[in-house]
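Here's the structure, in structure tokens; my notes come after.
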Amino acid sequence: MTQTLAEMVEFDLKARGIRGRVLEAFQKVDRISFVTELQRERAYEDRALPLTYGQTISQPYMVALMLEALQVRGPEKVLEIGTGSGYQTALLAELCREVWTVERIEPLATSAEDRLLALGYRNIRYQLGDGSLGWAEGAPYDRIIVSAACPSLPEALVAQLGEGGILVAPVGPPDRQDLVIGVKREGKFESRRDTGCVFVRLIGAQGYSAQPYDE
């Protein structure tokens, strides 16, 4: 029997310690709206699911961990690297004042924007480009979240993080990363490594180099 949204929230998130505003956002954002037609029966499974162009929609619990680490209270401006299907973008839009999101694959960027607009989100700005370079126009950001594996933290993103801001990103080799959670204090970026994870690679000037199958 396939799991429901309510069961996903209750058993995969709440039972594993996710609380407060993050849990409420997952209750409001229906994951089935963001998966491909072929994956609809698996929409509420706690696992990453394939999208097109070699990308994925991340595991709900991992997204929740990253959002909790981001400590979004409501008034923040957040930079998201890797729009993908727009699922995490929608969750962020529920949690903060404004989301600036960057996606490098044009068909994904276009479909995500159309989907999010149709769902009524109006506090999101979209850009097609190299996410490893961030989005300098909107800097500084209160929070930055990266939805793809970085070989190391891109200097551009650290530079665009505002004072007191938090950055969350998976960092490490392509086959396994750790979540890096960092805070900028008095102009210095202090970080720690946390949960192990596996994400698709961040392709770009300050990420991984593209291979033929990446395009």
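Chain labels follow the order of the structure tokens: the first chain is A, the next B, and so on; residue numbering restarts at 1 in every chain, and ligands are counted from 1 in their shown order.
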Checklist entry - Among range 3-215 of chain A, which residues carry a DSSP assignment of strand (DSSP E), reported as a PyMOL selection string? => result chain A and resi 49-50+56-57+77-81+98-103+124-128+141-146+161-171+177-185+188-197
Would you write out those residues with C-alpha atoms, as an mmCIF file, in the first residue's frame?
```
data_model
loop_
_atom_site.group_PDB
_atom_site.id
_atom_site.type_symbol
_atom_site.label_atom_id
_atom_site.label_comp_id
_atom_site.auth_asym_id
_atom_site.auth_seq_id
_atom_site.Cartn_x
_atom_site.Cartn_y
_atom_site.Cartn_z
ATOM 1 C CA LEU A 49 13.359 10.061 -6.616
ATOM 2 C CA PRO A 50 14.630 10.612 -10.167
ATOM 3 C CA THR A 56 16.641 14.041 -8.316
ATOM 4 C CA ILE A 57 14.053 15.268 -5.859
ATOM 5 C CA LYS A 77 15.960 36.301 2.428
ATOM 6 C CA VAL A 78 17.232 32.875 1.351
ATOM 7 C CA LEU A 79 19.401 31.886 -1.610
ATOM 8 C CA GLU A 80 18.716 28.367 -2.891
ATOM 9 C CA ILE A 81 21.209 26.697 -5.220
ATOM 10 C CA GLU A 98 11.835 35.774 0.067
ATOM 11 C CA VAL A 99 13.554 32.990 -1.886
ATOM 12 C CA TRP A 100 16.127 33.608 -4.619
ATOM 13 C CA THR A 101 16.657 30.312 -6.470
ATOM 14 C CA VAL A 102 19.198 29.365 -9.165
ATOM 15 C CA GLU A 103 19.008 26.407 -11.559
ATOM 16 C CA ILE A 124 10.280 33.587 -5.184
ATOM 17 C CA ARG A 125 12.782 35.009 -7.694
ATOM 18 C CA TYR A 126 14.231 32.742 -10.366
ATOM 19 C CA GLN A 127 17.519 32.697 -12.258
ATOM 20 C CA LEU A 128 18.981 30.367 -14.869
ATOM 21 C CA TYR A 141 21.613 36.705 1.995
ATOM 22 C CA ASP A 142 20.451 35.754 5.481
ATOM 23 C CA ARG A 143 20.578 32.069 4.582
ATOM 24 C CA ILE A 144 22.041 29.974 1.749
ATOM 25 C CA ILE A 145 21.122 26.348 1.038
ATOM 26 C CA VAL A 146 22.792 24.191 -1.614
ATOM 27 C CA LEU A 161 26.333 35.252 2.986
ATOM 28 C CA GLY A 162 25.448 38.147 5.261
ATOM 29 C CA GLU A 163 26.735 38.757 8.787
ATOM 30 C CA GLY A 164 25.148 36.261 11.159
ATOM 31 C CA GLY A 165 23.915 34.235 8.181
ATOM 32 C CA ILE A 166 23.817 30.448 7.965
ATOM 33 C CA LEU A 167 24.906 28.316 5.009
ATOM 34 C CA VAL A 168 24.037 24.612 4.615
ATOM 35 C CA ALA A 169 25.556 22.482 1.856
ATOM 36 C CA PRO A 170 26.623 18.881 1.148
ATOM 37 C CA VAL A 171 30.398 18.841 0.705
ATOM 38 C CA GLN A 177 29.245 13.954 1.303
ATOM 39 C CA ASP A 178 28.706 15.452 4.731
ATOM 40 C CA LEU A 179 26.342 18.313 5.411
ATOM 41 C CA VAL A 180 28.421 21.368 6.229
ATOM 42 C CA ILE A 181 26.679 23.931 8.416
ATOM 43 C CA GLY A 182 28.376 27.291 8.732
ATOM 44 C CA VAL A 183 27.788 30.714 10.256
ATOM 45 C CA LYS A 184 29.418 34.019 9.335
ATOM 46 C CA ARG A 185 30.504 35.943 12.435
ATOM 47 C CA LYS A 188 34.664 35.007 9.352
ATOM 48 C CA PHE A 189 32.969 31.802 8.251
ATOM 49 C CA GLU A 190 32.899 29.087 10.914
ATOM 50 C CA SER A 191 31.626 25.656 9.919
ATOM 51 C CA ARG A 192 31.167 22.115 11.132
ATOM 52 C CA ARG A 193 30.438 18.796 9.433
ATOM 53 C CA ASP A 194 27.248 16.960 10.251
ATOM 54 C CA THR A 195 25.120 14.177 8.720
ATOM 55 C CA GLY A 196 26.429 12.019 5.876
ATOM 56 C CA CYS A 197 24.500 12.229 2.608
#
```
Checklist entry - chain A: which residues are alpha helix (DSSP H) by DSSP, as a PyMOL selection string? => result chain A and resi 5-7+20-28+60-70+87-95+106-118+155-160
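Using only C-alpha atoms, the nearest neighbour of Tyr61 in chain A within the list A:Leu133, A:Val9, A:Ile105, A:Ala205 is A:Val9.
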Next on the checklist: Taking 6 positions as the minimum chain separation for residues in the same chain, which residues sit within 10 Å of Glu68 in chain A when counting only C-alpha atoms? Answer as a list in words.
Outcome noted: Ile18, Arg19, Gly20, Arg21, Val22, Leu23, Met62 and Val168 of chain A
Store the residues of this selection in a file with C-alpha atoms, as a short mmCIF file (atom, residue, chain, number, x, y, z; two decimals), in the first residue's frame.
```
data_model
loop_
_atom_site.label_atom_id
_atom_site.label_comp_id
_atom_site.auth_asym_id
_atom_site.auth_seq_id
_atom_site.Cartn_x
_atom_site.Cartn_y
_atom_site.Cartn_z
CA ILE A 18 11.35 17.12 13.00
CA ARG A 19 9.26 19.77 14.74
CA GLY A 20 7.78 23.26 14.55
CA ARG A 21 7.60 25.41 11.43
CA VAL A 22 9.55 22.94 9.30
CA LEU A 23 7.05 20.17 10.02
CA MET A 62 17.22 15.02 4.39
CA VAL A 168 24.04 24.61 4.62
#
```
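With only C-alpha atoms as the atoms that count, the minimum distance from Ala64 in chain A to the choices A:Arg16, A:Arg122, A:Arg176, A:Arg115 is reached by A:Arg16.
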Next on the checklist: Using only C-alpha atoms for the distances, tell me which of A:Thr110, A:Glu137, A:Gly207, A:Arg97 is nearest to Cys150 in chain A.
Outcome noted: A:Gly207
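Between Phe34 in chain A and the residues A:Ser132, A:Ser152, A:Gln3, A:Thr83, the shortest atom-to-atom distance, using only C-alpha atoms, involves A:Thr83.
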Next on the checklist: When you look at Ser111 in chain A with a cut-off of 10 Å (counting only C-alpha atoms), what residues show up, excluding the ones that are within fewer than 3 positions of it in the same chain? I need them as a PyMOL selection string.
Outcome noted: chain A and resi 34+84-86+106-108+114-117
Item to check | Straight-line distance linking CA of Gln55 in chain A with CA of Glu41 in chain A, stated in Å to one decimal | outcome: 18.7 Å
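Compared by their closest atoms to Ala109 in chain A, and using only C-alpha atoms, the residues A:Leu65, A:Thr52, A:Ser209, A:Glu155 rank with A:Thr52 nearest.
The smallest atom-to-atom distance between Val29 in chain A and any of A:Leu92, A:Gly54, A:Gln71, A:Phe11, using only C-alpha atoms, is found for A:Leu92.
Note that the spacing between CA of Cys96 in chain A and CA of Ala43 in chain A amounts to 24.6 Å.
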Next on the checklist: Between CA of Gly74 in chain A and CA of Ala156 in chain A, what distance in Å does the model show, to one decimal?
Outcome noted: 24.6 Å
